[in-house]
Amino acid sequence: MSRLPVVGGDTGNWGTILNDYLLVSHAADGTLNANVVGATQTNLTSVAGGMLLRGTFASRPAAAAGNSGLYYLATDNNGGTVYQSTGSAWLQVAAGATHGATHSTGGPDALTGNLDANARLAIAKSGTTTGTRRKLNLIPGTNINVTTVDDAAGEKVDVTVAITGSVALANGGTGGTDAATARTSLAVPKATGFASISVGTVAPSSPAVGDLWVDTN
């Protein structure tokens with residue numbers, strides 16, 4: 001067994017005994033031999049960042065007062081999981097959330113396809129899709145006004161569609177913006193052999209025999 005030379009003794013063998021002792025942990029060039037320094041030889045409390053060591057979960061050292069507060073990286077748990085010693089147990093640090101679906105490396109997103117495609121809105125007319133885009137554009141038409149209000153707190157945009165001005169008879173309107181004009185536009189033509197009825201404040205200028213006028217004055 002290797003030993004240190006005895007001071008004042010080992011005359012003539014002092015150098016040989018010392019070299020034999022040093023070669024237990026050192027190579028001939030003075031560097032340390034492999035596997036001569038382990039956790040038991042390391043001053044754990046001085047390790048930068050408090051990292052104890054790493055290895056498989058099963059090979060971790062027992063949690064004890066000497067490693068309380070230090071960390072162990074289990075390389076075989078979920079691609080690497082960090083545990084911290086409480087002095088009596090190893091507790092997992094910042095456990096990651098488990099996803100309901102997994103992602104394949106280099107493959108499509110787990111939502112079926114890529115996120116850009118899934119984030120788009122299908123635009124359809126009468127059930128037939130006309131396009132798939134990120135935005136729906138509302139364009140005001142004739143006599144149609146579109147007002148939008150962004151409700152940030154409610155996470156929505158309020159859209160109001162209103163009719164403006166007069167809508168022509170051909171488009172299902174009255175052709176006017178007031179009751180009198182609407183009545184005039186919607187008046188039923190006098191059929192042959194029947195009298196016409198006029199309502200207003202001014203008498204018809206050329207009434208026919210039998211016509212009626214209702215004076216609203």
# chains A, B, ... in the order shown; residues from 1 in each chain; ligands from 1
call {"tool": "residues_around", "arguments": {"residues": "Arg54 (chain A)", "least_positions_apart": "6", "cutoff": "8 Å", "atoms": "only C-alpha atoms", "output": "list in words"}}
result
Arg60, Tyr72, Leu73, Ala74 and Thr75 of chain A
call {"tool": "residues_around", "arguments": {"residues": "Asp215 (chain A)", "least_positions_apart": "2", "cutoff": "7 Å", "atoms": "only C-alpha atoms", "output": "list in words"}}
result
Val199, Gly200, Thr201, Trp213 and Asn217 of chain A
call {"tool": "write_last_selection", "arguments": {"atoms": "all heavy atoms", "output": "PDB file, in the first residue's frame"}}
result
ATOM      1  N   VAL A 199    -104.697  63.071 -50.735  1.00  0.00           N
ATOM      2  CA  VAL A 199    -104.617  63.518 -49.339  1.00  0.00           C
ATOM      3  C   VAL A 199    -103.499  64.533 -49.254  1.00  0.00           C
ATOM      4  O   VAL A 199    -102.374  64.286 -49.677  1.00  0.00           O
ATOM      5  CB  VAL A 199    -104.343  62.328 -48.394  1.00  0.00           C
ATOM      6  CG1 VAL A 199    -104.239  62.821 -46.955  1.00  0.00           C
ATOM      7  CG2 VAL A 199    -105.412  61.263 -48.532  1.00  0.00           C
ATOM      8  N   GLY A 200    -103.796  65.712 -48.697  1.00  0.00           N
ATOM      9  CA  GLY A 200    -102.773  66.733 -48.560  1.00  0.00           C
ATOM     10  C   GLY A 200    -103.368  68.077 -48.220  1.00  0.00           C
ATOM     11  O   GLY A 200    -104.570  68.214 -47.978  1.00  0.00           O
ATOM     12  N   THR A 201    -102.500  69.064 -48.208  1.00  0.00           N
ATOM     13  CA  THR A 201    -102.938  70.420 -47.847  1.00  0.00           C
ATOM     14  C   THR A 201    -103.298  71.249 -49.065  1.00  0.00           C
ATOM     15  O   THR A 201    -103.843  72.326 -48.962  1.00  0.00           O
ATOM     16  CB  THR A 201    -101.817  71.133 -47.061  1.00  0.00           C
ATOM     17  OG1 THR A 201    -100.637  71.185 -47.892  1.00  0.00           O
ATOM     18  CG2 THR A 201    -101.514  70.412 -45.763  1.00  0.00           C
ATOM     19  N   TRP A 213    -110.705  64.531 -52.585  1.00  0.00           N
ATOM     20  CA  TRP A 213    -109.529  65.170 -51.970  1.00  0.00           C
ATOM     21  C   TRP A 213    -109.774  65.284 -50.494  1.00  0.00           C
ATOM     22  O   TRP A 213    -110.771  65.824 -50.031  1.00  0.00           O
ATOM     23  CB  TRP A 213    -109.282  66.535 -52.621  1.00  0.00           C
ATOM     24  CG  TRP A 213    -108.303  67.399 -51.839  1.00  0.00           C
ATOM     25  CD1 TRP A 213    -107.125  67.011 -51.333  1.00  0.00           C
ATOM     26  CD2 TRP A 213    -108.471  68.763 -51.473  1.00  0.00           C
ATOM     27  NE1 TRP A 213    -106.501  68.048 -50.691  1.00  0.00           N
ATOM     28  CE2 TRP A 213    -107.334  69.146 -50.754  1.00  0.00           C
ATOM     29  CE3 TRP A 213    -109.480  69.717 -51.699  1.00  0.00           C
ATOM     30  CZ2 TRP A 213    -107.139  70.450 -50.251  1.00  0.00           C
ATOM     31  CZ3 TRP A 213    -109.285  70.996 -51.206  1.00  0.00           C
ATOM     32  CH2 TRP A 213    -108.119  71.348 -50.467  1.00  0.00           C
ATOM     33  N   ASN A 217    -105.545  70.280 -43.818  1.00  0.00           N
ATOM     34  CA  ASN A 217    -105.351  71.534 -43.101  1.00  0.00           C
ATOM     35  C   ASN A 217    -106.201  71.580 -41.830  1.00  0.00           C
ATOM     36  O   ASN A 217    -107.314  71.134 -41.808  1.00  0.00           O
ATOM     37  CB  ASN A 217    -105.710  72.706 -44.010  1.00  0.00           C
ATOM     38  CG  ASN A 217    -104.636  72.921 -45.080  1.00  0.00           C
ATOM     39  OD1 ASN A 217    -103.463  72.933 -44.762  1.00  0.00           O
ATOM     40  ND2 ASN A 217    -105.057  73.004 -46.353  1.00  0.00           N
TER      41      ASN A 217
END
call {"tool": "atom_distance", "arguments": {"atom1": "CA of Gly55 (chain A)", "atom2": "CA of Leu32 (chain A)"}}
result
21.9 Å
call {"tool": "residues_around", "arguments": {"residues": "Ser25 (chain A)", "least_positions_apart": "4", "cutoff": "12 Å", "atoms": "only C-alpha atoms", "output": "list in words"}}
result
Ser2, Asn19, Asp20, Tyr21, Asp29, Gly30, Thr31, Leu32, Asn33, Ala34, Asn35, Val36 and Val37 of chain A
